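J.: Before anything else, here's the structure in question.
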Amino acid sequence: MKTLFQNCKILVRQQAQFQILENACLGVNGDTICYIGEKPPREAYELTRDYSGKLLIPGLYNCHTHSPMVLFRGAGNDKPLEEWLTQYIFPLESRLTSEAVKTASEFAIMEMLAGGIVSFTDMYFFPEMTARAVAESGIKANLTKHIQFTAQNPEVIQSSLAFVRDYNGAADGRILADFGIHSCYTCEKDAAAQYTALCNEAGGRLHIHLSETEKEYHDCMAQYGVSPAAWFADIGALHARTAAAHCVVLSESDRALLAQNKVNVVHCPTSNLKLGSGFAPVPELLEEGVNVALGTDGAASNNNLNLFEEMHLAAILHNGRLKDSTIMNTQSVMQMATAGAAKAQGRENCGELKVGYKADIAALDLDKPHLLSGYDERSLLTYSAQSSDVCMTMVDGKILYENGEYLSIDKEKVCRDMRRLLQK
């Protein structure tokens, strides 16, 4: 079906800068954007929608999360990371079932779609069940069956390889299956090196946690004599198809390693602040040419899947850290949430509102007191907008969420199932 959105504002990139087209039109043909302009198109459309008072933006990408952890939202609040993991999260995770992961994934997808997120990168248990939820809902996702504690579970490597083989490109290409290494502190180095060699031989994408805390950094130095970044470099895991989450504790040489190898860094400011981990050196990484994306991390350490909050924090906290109000800006942060994130996921022709690109679109209702501005409306996206301002989310040309309604998910059933699981 060909659909035309008209009388709306549209956020586009021109000469590498985001600009807003006023009173413009955007046409969608199937799963692709076929027209953008300030004048109506000449060709006819089967459906025309008046989007007066709305701003169309590229759909957002959540490039690091553990979506089923919505089950543990609020567990172990206000604890250090290591205590939070060992005393709260790991015991809860030991009781997980595939059924719980399927329902929790659906619930997380509902939250993300309502906040304008069109794709997410997930690292968690029972990823086959998350894949089912993704396929049924219509959203996009990069999923991994990651390895950890391989000495206790030696077959995990073969299981991960099978997941990549079976799921990469599933759901009409909406699902991409990635390789995954949890971290240097949960994986034996020899096994991780063996696994990485298989990933590189297959030309696979790799998702890792990297240098999230001072403890992780110093423990790695004490055990191996190198930093976590150097540990991953030693096993061949740093390359342009690697997405490294957190990257809070990095030396100058670590940053150089990431830049030289074109690693994609995923900035998770809310989680790092809540767990007291610190501040990723994002401005320094950007200055060195590193592609940076944004992630929420799991809902147990955030405690939501709201990428507008991540954009807001990414836009302001580094200015405070470096005492310079010019360090970050809307342009760089929007790039991190859209085109830079699509690059980190390995998705071509995605992440921008551009003719020939996938129709992955979010619409914001500008008829809100906090969204009225006579100045730079682009800055509203990082300094004013909330996820609750999203009134429509489209993925591959299909509207999945609009005005509080889910068109591909049975909201009542998923909420009922989640309440039952939480009670259990």
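Chains: A, B, ... in order of the structure tokens. Residues: from 1 per chain. Ligands: from 1, in order shown.
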Write out as number ranges by chain the residues lying within 7 Å of Asn23 in chain A, counting only C-alpha atoms and excluding same-chain residues fewer than 4 positions away.
T.: A: 7-9, 38
J.: Residues at most 12 Å from Gly278 in chain A, counting only C-alpha atoms, excluding those fewer than 3 positions away in the same chain, as a list in words?
T.: Pro80, Leu81, Ser211, Glu212, Thr213, Glu214, Lys215, His246, Cys247, Val248, Val249, Leu250, His267, Cys268, Pro269, Thr270, Ser271, Asn272, Leu273, Lys274, Leu275, Pro281, Val282, Leu317, His318 and Arg321 of chain A
J.: Closest to Gly59 in chain A among A:Ser227, A:Asn303, A:Ser119, A:Asn319, using only C-alpha atoms?
T.: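 Distance minimum relative to Gly59 in chain A lands on A:Ser119.
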J.: With the cut-off set at 10 Å and counting only C-alpha atoms, tabulate each residue of range 330-400 of chain A with an atom at most that distance from an atom of range 161-175 of chain A, showing the nearest atom pair and its distance in Å to one decimal, ordered by chain and increasing number, as a tab-separated table.
T.:
residue	atom	partner	partner_atom	distance
A:Arg347	CA	A:Arg174	CA	9.4
A:Val395	CA	A:Arg174	CA	9.4
A:Asp396	CA	A:Arg174	CA	8.7
J.: Counting only C-alpha atoms, give me one row per residue of range 144-258 of chain A with an atom at most 9 Å from an atom of range 285-291 of chain A, showing the shortest contact pair and its distance in Å to one decimal, sorted by chain then residue number, as a Markdown table.
T.:
| residue | atom | partner | partner_atom | distance |
| --- | --- | --- | --- | --- |
| A:Arg255 | CA | A:Leu285 | CA | 6.7 |
| A:Ala256 | CA | A:Glu288 | CA | 7.8 |
| A:Leu258 | CA | A:Val290 | CA | 7.1 |
J.: Using only C-alpha atoms, pick whichever of A:Gln194, A:Thr296, A:Gln345, A:Gln15 has the shortest atom-to-atom distance to Glu310 in chain A.
T.: A:Thr296
J.: Using only C-alpha atoms, find the one residue out of A:Gln152, A:Ser105, A:Gln14, A:Thr32 that sits nearest to Glu188 in chain A.
T.: A:Gln152
J.: So which one's closest to Asn329 in chain A, A:Pro68, A:Pro283, A:Pro127, A:Gly203? Using only C-alpha atoms, please.
T.: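 Among A:Pro68, A:Pro283, A:Pro127, A:Gly203, it is A:Pro283 that comes nearest to Asn329 in chain A.
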J.: Excluding same-chain residues fewer than 4 positions from Tyr35 in chain A, what lies within 6 Å of it counting only C-alpha atoms, as a list in words?
T.: Leu26, Gly27 and Val355 of chain A
